[in-house]
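Visitor: Supplied structure: protein-v1.txt, compact mmCIF, C-alpha atoms.
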```
# COMPACT_ATOMS: atom_id res chain seq x y z
CA MET A 1 21.99 3.50 -14.64
CA ASN A 2 21.29 5.29 -11.37
CA LEU A 3 17.98 3.90 -10.07
CA ARG A 4 18.28 5.35 -6.57
CA THR A 5 15.20 6.74 -4.86
CA LYS A 6 14.19 8.00 -1.44
CA TYR A 7 11.09 6.61 0.26
CA LEU A 8 10.00 7.48 3.81
CA GLY A 9 13.45 8.96 4.33
CA LEU A 10 15.04 5.62 3.43
CA GLU A 11 17.74 5.69 0.77
CA LEU A 12 16.96 2.82 -1.60
CA PRO A 13 19.05 1.52 -4.53
CA HIS A 14 15.88 1.34 -6.64
CA PRO A 15 12.12 1.66 -6.02
CA LEU A 16 11.08 -2.02 -6.23
CA MET A 17 10.07 -3.61 -2.93
CA VAL A 18 8.03 -6.54 -1.66
CA GLY A 19 4.61 -5.32 -0.56
CA ALA A 20 2.65 -6.51 2.46
CA SER A 21 2.12 -10.23 1.92
CA PRO A 22 2.71 -13.72 3.33
CA ILE A 23 6.21 -13.63 1.85
CA CYS A 24 7.53 -12.08 5.06
CA ASP A 25 6.41 -15.15 7.05
CA ASP A 26 8.73 -17.49 5.17
CA LEU A 27 12.40 -16.78 5.83
CA ASP A 28 13.43 -18.68 2.69
CA LEU A 29 11.15 -16.54 0.52
CA VAL A 30 12.43 -13.41 2.21
CA ARG A 31 16.02 -14.41 1.52
CA ARG A 32 15.16 -15.15 -2.10
CA ALA A 33 13.51 -11.72 -2.40
CA GLU A 34 16.63 -10.01 -1.07
CA ASP A 35 18.84 -12.09 -3.38
CA ALA A 36 16.61 -11.02 -6.28
CA GLY A 37 17.37 -7.42 -5.40
CA ALA A 38 14.36 -6.24 -3.39
CA ALA A 39 15.03 -2.72 -2.11
CA ALA A 40 12.87 -3.26 1.01
CA ILE A 41 10.22 -5.59 2.38
CA VAL A 42 6.84 -4.66 3.85
CA MET A 43 5.51 -7.15 6.38
CA HIS A 44 1.91 -8.28 6.34
CA SER A 45 -0.42 -6.46 8.70
CA LEU A 46 -0.86 -6.87 12.41
CA PHE A 47 -4.61 -6.37 12.78
CA GLU A 48 -6.55 -4.31 15.26
CA GLU A 49 -8.91 -7.26 15.79
CA GLN A 50 -5.95 -9.51 16.44
CA LEU A 51 -4.54 -7.21 19.10
CA ALA A 52 -7.94 -6.83 20.74
CA LEU A 53 -8.25 -10.61 21.01
CA GLU A 54 -4.74 -10.96 22.35
CA ASN A 55 -5.09 -8.33 25.05
CA ARG A 56 -8.70 -9.07 26.01
CA THR A 57 -9.11 -5.37 26.69
CA HIS A 58 -12.41 -5.02 24.89
CA GLU A 59 -14.90 -7.04 22.91
CA PHE A 60 -14.30 -7.53 19.21
CA ILE A 61 -15.47 -4.35 17.48
CA GLY A 62 -16.99 -4.70 14.08
CA THR A 63 -19.61 -6.18 11.87
CA HIS A 64 -19.51 -8.09 8.63
CA GLY A 65 -19.52 -4.81 6.74
CA GLU A 66 -16.50 -3.57 8.65
CA SER A 67 -14.25 -6.55 8.01
CA THR A 68 -10.67 -5.74 7.11
CA ALA A 69 -9.42 -6.64 3.66
CA GLU A 70 -6.85 -9.17 4.77
CA ALA A 71 -8.80 -10.94 7.52
CA ALA A 72 -9.89 -14.50 6.80
CA SER A 73 -13.23 -14.11 8.55
CA TYR A 74 -15.43 -11.31 9.79
CA LEU A 75 -15.34 -12.84 13.25
CA PRO A 76 -11.66 -13.72 13.54
CA ARG A 77 -10.34 -16.40 15.86
CA PRO A 78 -6.74 -16.49 17.13
CA HIS A 79 -5.75 -19.23 14.65
CA ASP A 80 -6.98 -17.06 11.75
CA PHE A 81 -3.76 -15.06 12.04
CA VAL A 82 -0.40 -16.45 10.94
CA LEU A 83 1.63 -14.53 13.52
CA GLY A 84 0.32 -13.42 16.89
CA PRO A 85 1.45 -10.04 18.28
CA ASP A 86 4.46 -11.45 20.15
CA ALA A 87 5.50 -13.62 17.22
CA TYR A 88 5.10 -10.64 14.88
CA LEU A 89 7.52 -8.58 16.96
CA GLU A 90 9.93 -11.51 17.08
CA GLN A 91 9.68 -11.84 13.29
CA ILE A 92 10.74 -8.22 12.90
CA GLY A 93 13.88 -9.01 14.90
CA LYS A 94 14.57 -12.13 12.83
CA LEU A 95 14.21 -10.22 9.57
CA LYS A 96 16.43 -7.38 10.76
CA ARG A 97 19.18 -9.80 11.79
CA MET A 98 18.87 -11.70 8.53
CA LEU A 99 18.49 -8.90 5.97
CA LYS A 100 20.51 -5.91 4.88
CA ILE A 101 17.47 -4.18 3.36
CA PRO A 102 14.91 -2.09 5.30
CA VAL A 103 12.02 -3.86 7.00
CA ILE A 104 8.72 -1.95 7.05
CA ALA A 105 6.12 -3.22 9.53
CA SER A 106 2.36 -2.79 9.08
CA LEU A 107 -0.61 -2.10 11.34
CA ASN A 108 -4.14 -2.54 9.99
CA GLY A 109 -7.19 -1.08 11.69
CA TYR A 110 -9.96 1.48 11.70
CA THR A 111 -10.41 2.94 15.22
CA ASP A 112 -8.31 5.30 17.29
CA SER A 113 -7.79 3.14 20.38
CA GLY A 114 -5.23 1.27 22.48
CA TRP A 115 -4.04 -1.06 19.71
CA LEU A 116 -2.06 1.81 18.22
CA ARG A 117 0.45 1.56 21.10
CA TYR A 118 1.95 -1.33 19.16
CA ALA A 119 3.62 1.27 16.97
CA LYS A 120 6.11 1.85 19.78
CA LEU A 121 6.67 -1.89 20.25
CA ILE A 122 7.28 -2.25 16.52
CA GLU A 123 9.89 0.49 16.73
CA GLN A 124 11.56 -1.23 19.68
CA ALA A 125 11.60 -4.51 17.74
CA GLY A 126 13.80 -2.84 15.13
CA ALA A 127 11.58 -1.96 12.17
CA ASP A 128 12.82 0.78 9.86
CA ALA A 129 9.39 2.27 9.13
CA LEU A 130 5.70 1.64 9.69
CA GLU A 131 2.85 1.34 7.22
CA LEU A 132 -0.57 2.13 8.68
CA ASN A 133 -3.20 0.34 6.58
CA VAL A 134 -6.49 2.18 7.06
CA TYR A 135 -9.39 0.00 6.03
CA SER A 136 -13.04 0.32 6.97
CA VAL A 137 -16.42 0.28 5.31
CA ALA A 138 -18.37 3.31 6.54
CA HIS A 139 -21.90 1.93 6.41
CA ASP A 140 -23.41 3.69 9.44
CA PRO A 141 -25.98 6.18 8.04
CA GLU A 142 -25.38 8.44 11.05
CA LEU A 143 -21.65 8.70 10.31
CA THR A 144 -20.73 11.72 8.18
CA SER A 145 -17.89 11.83 5.68
CA ILE A 146 -15.97 14.40 7.73
CA GLU A 147 -16.24 12.15 10.79
CA VAL A 148 -14.77 9.26 8.80
CA GLU A 149 -11.93 11.46 7.56
CA ASN A 150 -11.30 12.87 11.02
CA GLY A 151 -11.00 9.34 12.37
CA VAL A 152 -8.19 8.53 9.95
CA VAL A 153 -6.35 11.77 10.68
CA HIS A 154 -6.60 11.20 14.43
CA MET A 155 -5.24 7.68 14.01
CA VAL A 156 -2.20 9.03 12.17
CA GLU A 157 -1.65 11.73 14.78
CA HIS A 158 -1.83 9.04 17.48
CA VAL A 159 0.70 6.78 15.74
CA VAL A 160 3.09 9.66 15.05
CA ARG A 161 3.02 10.50 18.76
CA GLU A 162 3.74 6.87 19.67
CA THR A 163 6.82 6.36 17.50
CA ARG A 164 9.75 8.08 15.86
CA LEU A 165 9.49 5.74 12.88
CA PRO A 166 8.51 7.31 9.56
CA VAL A 167 4.85 6.47 8.97
CA ALA A 168 3.20 5.73 5.62
CA VAL A 169 -0.58 5.59 5.33
CA LYS A 170 -2.09 3.00 3.02
CA LEU A 171 -5.40 4.28 1.69
CA SER A 172 -8.26 3.23 -0.54
CA PRO A 173 -9.30 5.36 -3.53
CA TYR A 174 -12.84 5.77 -2.17
CA TRP A 175 -12.65 9.19 -0.52
CA THR A 176 -14.75 12.23 -1.35
CA SER A 177 -11.63 14.37 -1.74
CA LEU A 178 -8.48 12.28 -1.65
CA THR A 179 -6.17 15.24 -2.29
CA HIS A 180 -7.66 17.11 0.69
CA LEU A 181 -7.24 14.05 2.91
CA ALA A 182 -3.66 13.62 1.68
CA ARG A 183 -2.85 17.18 2.74
CA ARG A 184 -4.40 16.57 6.17
CA LEU A 185 -2.39 13.38 6.62
CA GLU A 186 0.79 15.22 5.68
CA HIS A 187 0.03 17.87 8.32
CA ALA A 188 -0.72 15.08 10.82
CA GLY A 189 2.84 13.82 10.40
CA ALA A 190 2.65 11.10 7.76
CA LYS A 191 5.82 10.79 5.67
CA GLY A 192 4.32 8.75 2.88
CA LEU A 193 1.14 7.53 1.19
CA VAL A 194 0.59 4.08 -0.31
CA LEU A 195 -1.94 3.86 -3.15
CA PHE A 196 -3.96 1.67 -2.67
CA ASN A 197 -5.10 -1.11 -0.40
CA ARG A 198 -7.33 -3.72 -2.01
CA PHE A 199 -11.00 -4.19 -1.25
CA PHE A 200 -11.69 -7.91 -1.43
CA GLN A 201 -15.32 -7.74 -2.44
CA PRO A 202 -17.81 -10.23 -0.99
CA ASP A 203 -19.81 -12.33 -3.43
CA ILE A 204 -23.09 -14.20 -2.93
CA ASP A 205 -23.29 -17.96 -3.32
CA VAL A 206 -26.88 -18.38 -4.53
CA GLU A 207 -26.85 -22.15 -4.01
CA GLU A 208 -25.47 -22.17 -0.48
CA LEU A 209 -27.21 -18.89 0.40
CA ASP A 210 -24.03 -17.60 1.90
CA VAL A 211 -21.57 -14.75 1.41
CA SER A 212 -18.22 -15.87 0.05
CA LEU A 213 -14.87 -14.11 0.15
CA ARG A 214 -12.24 -14.91 -2.47
CA LEU A 215 -8.76 -13.58 -2.94
CA ARG A 216 -7.81 -12.96 -6.55
CA TYR A 217 -4.43 -11.85 -7.79
CA SER A 218 -4.21 -8.42 -9.34
CA ASP A 219 -3.24 -7.80 -12.95
CA SER A 220 -1.83 -4.77 -14.75
CA GLN A 221 -5.33 -3.31 -15.18
CA ALA A 222 -5.44 -2.71 -11.43
CA LEU A 223 -2.59 -0.22 -11.85
CA LEU A 224 -4.69 2.30 -13.79
CA ILE A 225 -6.52 3.87 -10.84
CA ARG A 226 -3.21 4.09 -9.00
CA LEU A 227 -1.64 5.95 -11.93
CA ARG A 228 -4.38 8.55 -11.92
CA TRP A 229 -4.08 9.34 -8.21
CA LEU A 230 -0.30 9.20 -8.16
CA ALA A 231 -0.31 11.77 -10.94
CA LEU A 232 -2.87 13.95 -9.16
CA LEU A 233 -1.00 13.88 -5.84
CA SER A 234 2.57 14.08 -7.14
CA GLY A 235 4.02 17.52 -6.51
CA ARG A 236 0.95 18.61 -4.53
CA VAL A 237 1.87 16.97 -1.24
CA ASP A 238 5.26 16.94 0.43
CA VAL A 239 5.31 13.22 1.22
CA THR A 240 6.73 10.26 -0.65
CA LEU A 241 4.33 8.13 -2.67
CA SER A 242 4.23 4.39 -3.27
CA ALA A 243 2.23 2.36 -5.77
CA SER A 244 0.73 -0.87 -4.47
CA GLY A 245 -1.29 -3.07 -6.80
CA GLY A 246 -1.07 -3.91 -10.48
CA VAL A 247 2.70 -3.82 -11.02
CA HIS A 248 3.71 -6.97 -12.89
CA SER A 249 6.36 -5.77 -15.34
CA GLY A 250 9.11 -3.25 -15.83
CA VAL A 251 6.77 -1.09 -17.90
CA ASP A 252 4.18 -1.18 -15.11
CA ALA A 253 6.81 0.00 -12.64
CA LEU A 254 7.95 2.71 -15.06
CA LYS A 255 4.39 4.01 -15.42
CA ALA A 256 3.99 4.25 -11.65
CA ILE A 257 7.28 6.13 -11.34
CA MET A 258 6.43 8.53 -14.17
CA ALA A 259 3.08 9.22 -12.52
CA GLY A 260 4.90 10.19 -9.33
CA ALA A 261 5.75 7.10 -7.27
CA HIS A 262 8.96 7.06 -5.26
CA GLY A 263 8.43 3.40 -4.35
CA VAL A 264 6.76 0.45 -6.07
CA GLN A 265 5.37 -2.45 -4.04
CA MET A 266 4.88 -5.84 -5.67
CA VAL A 267 2.86 -8.77 -4.31
CA SER A 268 0.67 -10.68 -6.79
CA ALA A 269 3.39 -10.98 -9.45
CA LEU A 270 5.84 -12.36 -6.87
CA LEU A 271 3.33 -14.82 -5.43
CA GLN A 272 2.55 -16.06 -8.92
CA ARG A 273 6.07 -16.14 -10.38
CA GLY A 274 8.30 -16.27 -7.32
CA PRO A 275 10.47 -13.57 -5.71
CA GLU A 276 13.01 -13.89 -8.54
CA HIS A 277 10.56 -12.09 -10.85
CA LEU A 278 11.55 -8.89 -9.11
CA ARG A 279 14.97 -9.13 -10.75
CA THR A 280 13.33 -9.36 -14.17
CA VAL A 281 11.21 -6.27 -13.49
CA ARG A 282 14.25 -4.30 -12.40
CA THR A 283 16.26 -5.37 -15.45
CA ASP A 284 13.42 -4.39 -17.80
CA LEU A 285 12.98 -1.05 -16.06
CA GLU A 286 16.68 -0.27 -16.33
CA ARG A 287 16.82 -1.40 -19.95
CA TRP A 288 13.96 0.92 -20.92
CA LEU A 289 15.62 3.90 -19.27
CA VAL A 290 18.95 3.21 -20.97
CA GLU A 291 17.36 2.68 -24.39
CA HIS A 292 15.48 5.96 -24.07
CA GLU A 293 18.63 7.82 -22.96
CA TYR A 294 17.58 8.66 -19.43
CA GLU A 295 20.47 9.47 -17.14
CA SER A 296 18.75 8.36 -13.94
CA LEU A 297 15.46 7.22 -12.48
CA ALA A 298 15.05 10.67 -10.93
CA GLN A 299 14.68 12.11 -14.44
CA ALA A 300 11.60 9.94 -15.00
CA GLN A 301 10.06 10.28 -11.50
CA GLY A 302 6.93 12.43 -11.71
CA SER A 303 7.58 13.31 -15.35
CA MET A 304 3.98 12.44 -16.27
CA ASN A 305 2.17 13.82 -13.23
CA LEU A 306 -0.65 16.34 -13.52
CA ALA A 307 1.64 19.37 -13.46
CA ARG A 308 4.09 18.04 -16.06
CA SER A 309 1.89 15.95 -18.31
CA PRO A 310 1.50 17.25 -21.91
CA ASN A 311 -2.23 16.42 -21.62
CA PRO A 312 -3.19 17.04 -17.97
CA GLU A 313 -6.92 17.00 -18.80
CA ASN A 314 -6.60 13.24 -19.34
CA TYR A 315 -6.19 12.81 -15.60
CA GLU A 316 -9.27 14.89 -14.90
CA ARG A 317 -12.66 15.14 -16.62
CA GLY A 318 -11.27 15.53 -20.13
CA ASN A 319 -10.61 11.86 -20.73
CA TYR A 320 -14.13 10.98 -19.60
CA VAL A 321 -15.64 13.31 -22.20
CA LYS A 322 -13.29 12.22 -25.00
CA ILE A 323 -13.79 8.51 -24.42
CA LEU A 324 -17.58 8.72 -24.30
CA GLN A 325 -17.71 10.94 -27.39
CA GLY A 326 -15.43 8.53 -29.24
CA TYR A 327 -17.56 5.58 -28.16
CA SER A 328 -20.68 7.34 -29.44
CA ARG A 329 -19.11 8.00 -32.86
CA ALA A 330 -17.97 4.38 -33.12
CA MET A 331 -21.56 3.25 -32.80
CA HIS A 332 -22.56 5.01 -36.04
```
Could you express the structure from this file as structure tokens?
Guide:
Amino acid sequence: MNLRTKYLGLELPHPLMVGASPICDDLDLVRRAEDAGAAAIVMHSLFEEQLALENRTHEFIGTHGESTAEAASYLPRPHDFVLGPDAYLEQIGKLKRMLKIPVIASLNGYTDSGWLRYAKLIEQAGADALELNVYSVAHDPELTSIEVENGVVHMVEHVVRETRLPVAVKLSPYWTSLTHLARRLEHAGAKGLVLFNRFFQPDIDVEELDVSLRLRYSDSQALLIRLRWLALLSGRVDVTLSASGGVHSGVDALKAIMAGAHGVQMVSALLQRGPEHLRTVRTDLERWLVEHEYESLAQAQGSMNLARSPNPENYERGNYVKILQGYSRAMH
């Protein structure tokens, strides 16, 4: 079975890759992931706050509400980060010397400022591509939605100017018009979109009177919102698409591909079951395609997107109406 796909201009033997996670910090885990057949590995993020601390060029910018998803604290200290900027660049070199698969680095931030120059350093360190993880909580009542969107577009334009690496933008689903933003990011030079980053929601500890942050693994239910937006974007933007979040099985991966994904990033399932689980997912994906007489993965890719779905209204308002009407009838 031909499972080949193309993501960010990279020719991959199949779409399954290790998503941004601590796996890249452990060379043994990385080797196990490659041995299990990972098509590529995405490194965890190098944070804007981290670079600001390292360079001492400006005070830490942000408030509790603007914390990044992967940061351990809303006022980070140097030891909060596993790899400092220099060590991160060195790790890229180690991974490139060790692996035969592509290494995709990651930058995480929310302002268009000097930290973005690290895109060039990441290129020089040997990365094959760059994922720009855009995460912010726009809570300023004076900040308009178009200003927030413009900020993201300007960041992408800045990064594209800094490096020749193909750039993917990792987004959240919480945009007024995601399809419009996707088009703008394409025009800004992005070569791919990753759907979606995870919002680690704060909780309130009523006994300690404190705000707590907890990391929970995803499950297959988390894939559903990704499927909708993959299907809505597939064929409407000329960039490659990747699913990130909720892929735990071969069927999950197949759904993402049918919705329009060119790449599938896995994290929670690999942290829970080990990198070897990736081999199981690939085997199950291939088995399904063979049993259903597909000739290649390309035949399935995008086959259930908005344009090609037999029931496109299910991706739009139609499913909302049908489900609520059905729920109402069930009550009688």
Visitor: For Leu233 in chain A, please output as number ranges by chain all residues within 9 Å (counting all atoms listed in the file; exclusion window: fewer than 3 positions along the same chain).
Guide: A: 178-179, 182, 228-230, 236-237, 241, 260, 305-306
Visitor: Given only C-alpha atoms as the basis, pick out the residue of A:Leu213, A:Val169, A:Leu12, A:Val159 nearest to Asp112 in chain A.
Guide: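 Closest to Asp112 in chain A, using only C-alpha atoms: A:Val159.
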Visitor: Applying 7 Å and only C-alpha atoms, which residues near His44 in chain A remain after dropping the ones on its own chain fewer than 6 positions away? List them as a PDB file with C-alpha atoms, in the coordinates of the input.
Guide:
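File produced: out_6.pdb:
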```
ATOM      1  CA  ALA A  20       2.650  -6.510   2.460  1.00  0.00           C
ATOM      2  CA  SER A  21       2.120 -10.230   1.920  1.00  0.00           C
ATOM      3  CA  PRO A  22       2.710 -13.720   3.330  1.00  0.00           C
ATOM      4  CA  CYS A  24       7.530 -12.080   5.060  1.00  0.00           C
ATOM      5  CA  SER A 106       2.360  -2.790   9.080  1.00  0.00           C
TER       6      SER A 106
END
```
Visitor: Pick out the closest residue to Thr163 in chain A from this set: A:Ala261, A:Leu143, A:Val247, A:Ala127. Count all atoms listed in the file.
Guide: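 Ranked by minimum distance to Thr163 in chain A, first place goes to A:Ala127.
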Visitor: Find the residue from A:Leu254, A:Ala125, A:Leu215, A:Val152 that sits nearest to Thr283 in chain A; use all atoms listed in the file when measuring.
Guide: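 Result for the nearest residue to Thr283 in chain A: A:Leu254.
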Visitor: Mind pulling up the distance from CA of Ala33 in chain A to CA of Val134 in chain A?
Guide: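 So the answer is 26.1 Å.
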Visitor: Which is closest to Pro13 in chain A among A:Lys191, A:Glu157, A:Glu313, A:Leu297, if we use all atoms listed in the file?
Guide: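 Of A:Lys191, A:Glu157, A:Glu313, A:Leu297, the one nearest Pro13 in chain A is A:Leu297, counting all atoms listed in the file.
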Visitor: How about completing range 267-295 of chain A with N, CA and C atoms and giving it to me as an mmCIF file, in the frame of the given file?
Guide:
```
data_model
loop_
_atom_site.group_PDB
_atom_site.id
_atom_site.type_symbol
_atom_site.label_atom_id
_atom_site.label_comp_id
_atom_site.auth_asym_id
_atom_site.auth_seq_id
_atom_site.Cartn_x
_atom_site.Cartn_y
_atom_site.Cartn_z
ATOM 1 N N VAL A 267 3.325 -7.613 -5.067
ATOM 2 C CA VAL A 267 2.860 -8.770 -4.310
ATOM 3 C C VAL A 267 2.385 -9.874 -5.255
ATOM 4 N N SER A 268 1.284 -9.636 -5.973
ATOM 5 C CA SER A 268 0.670 -10.680 -6.790
ATOM 6 C C SER A 268 1.658 -11.299 -7.777
ATOM 7 N N ALA A 269 2.436 -10.464 -8.454
ATOM 8 C CA ALA A 269 3.390 -10.980 -9.450
ATOM 9 C C ALA A 269 4.425 -11.888 -8.791
ATOM 10 N N LEU A 270 4.829 -11.559 -7.560
ATOM 11 C CA LEU A 270 5.840 -12.360 -6.870
ATOM 12 C C LEU A 270 5.242 -13.647 -6.323
ATOM 13 N N LEU A 271 3.984 -13.595 -5.889
ATOM 14 C CA LEU A 271 3.330 -14.820 -5.430
ATOM 15 C C LEU A 271 3.080 -15.776 -6.590
ATOM 16 N N GLN A 272 2.814 -15.222 -7.754
ATOM 17 C CA GLN A 272 2.550 -16.060 -8.920
ATOM 18 C C GLN A 272 3.827 -16.609 -9.552
ATOM 19 N N ARG A 273 4.866 -15.779 -9.621
ATOM 20 C CA ARG A 273 6.070 -16.140 -10.380
ATOM 21 C C ARG A 273 7.300 -16.372 -9.507
ATOM 22 N N GLY A 274 7.171 -16.110 -8.220
ATOM 23 C CA GLY A 274 8.300 -16.270 -7.320
ATOM 24 C C GLY A 274 9.044 -14.956 -7.127
ATOM 25 N N PRO A 275 9.755 -14.818 -6.003
ATOM 26 C CA PRO A 275 10.470 -13.570 -5.710
ATOM 27 C C PRO A 275 11.477 -13.184 -6.780
ATOM 28 N N GLU A 276 11.997 -14.168 -7.511
ATOM 29 C CA GLU A 276 13.010 -13.890 -8.540
ATOM 30 C C GLU A 276 12.468 -13.003 -9.662
ATOM 31 N N HIS A 277 11.147 -12.937 -9.797
ATOM 32 C CA HIS A 277 10.560 -12.090 -10.850
ATOM 33 C C HIS A 277 10.911 -10.629 -10.620
ATOM 34 N N LEU A 278 11.197 -10.276 -9.394
ATOM 35 C CA LEU A 278 11.550 -8.890 -9.110
ATOM 36 C C LEU A 278 12.813 -8.480 -9.865
ATOM 37 N N ARG A 279 13.750 -9.419 -10.009
ATOM 38 C CA ARG A 279 14.970 -9.130 -10.750
ATOM 39 C C ARG A 279 14.660 -8.831 -12.216
ATOM 40 N N THR A 280 13.725 -9.585 -12.783
ATOM 41 C CA THR A 280 13.330 -9.360 -14.170
ATOM 42 C C THR A 280 12.720 -7.979 -14.351
ATOM 43 N N VAL A 281 11.856 -7.588 -13.412
ATOM 44 C CA VAL A 281 11.210 -6.270 -13.490
ATOM 45 C C VAL A 281 12.251 -5.167 -13.419
ATOM 46 N N ARG A 282 13.207 -5.326 -12.518
ATOM 47 C CA ARG A 282 14.250 -4.300 -12.400
ATOM 48 C C ARG A 282 15.085 -4.213 -13.673
ATOM 49 N N THR A 283 15.455 -5.354 -14.214
ATOM 50 C CA THR A 283 16.260 -5.370 -15.450
ATOM 51 C C THR A 283 15.512 -4.694 -16.592
ATOM 52 N N ASP A 284 14.224 -4.986 -16.720
ATOM 53 C CA ASP A 284 13.420 -4.390 -17.800
ATOM 54 C C ASP A 284 13.262 -2.888 -17.597
ATOM 55 N N LEU A 285 13.083 -2.488 -16.349
ATOM 56 C CA LEU A 285 12.980 -1.050 -16.060
ATOM 57 C C LEU A 285 14.271 -0.337 -16.432
ATOM 58 N N GLU A 286 15.384 -0.894 -16.026
ATOM 59 C CA GLU A 286 16.680 -0.270 -16.330
ATOM 60 C C GLU A 286 16.939 -0.242 -17.823
ATOM 61 N N ARG A 287 16.603 -1.335 -18.501
ATOM 62 C CA ARG A 287 16.820 -1.400 -19.950
ATOM 63 C C ARG A 287 16.035 -0.301 -20.673
ATOM 64 N N TRP A 288 14.786 -0.108 -20.268
ATOM 65 C CA TRP A 288 13.960 0.920 -20.920
ATOM 66 C C TRP A 288 14.592 2.299 -20.743
ATOM 67 N N LEU A 289 15.031 2.587 -19.545
ATOM 68 C CA LEU A 289 15.620 3.900 -19.270
ATOM 69 C C LEU A 289 16.887 4.124 -20.084
ATOM 70 N N VAL A 290 17.709 3.096 -20.189
ATOM 71 C CA VAL A 290 18.950 3.210 -20.970
ATOM 72 C C VAL A 290 18.627 3.405 -22.451
ATOM 73 N N GLU A 291 17.704 2.592 -22.969
ATOM 74 C CA GLU A 291 17.360 2.680 -24.390
ATOM 75 C C GLU A 291 16.758 4.033 -24.745
ATOM 76 N N HIS A 292 16.096 4.667 -23.811
ATOM 77 C CA HIS A 292 15.480 5.960 -24.070
ATOM 78 C C HIS A 292 16.330 7.117 -23.557
ATOM 79 N N GLU A 293 17.594 6.822 -23.270
ATOM 80 C CA GLU A 293 18.630 7.820 -22.960
ATOM 81 C C GLU A 293 18.326 8.648 -21.725
ATOM 82 N N TYR A 294 17.720 8.008 -20.730
ATOM 83 C CA TYR A 294 17.580 8.660 -19.430
ATOM 84 C C TYR A 294 18.891 8.519 -18.678
ATOM 85 N N GLU A 295 19.237 9.525 -17.913
ATOM 86 C CA GLU A 295 20.470 9.470 -17.140
ATOM 87 C C GLU A 295 20.267 8.845 -15.774
#
```
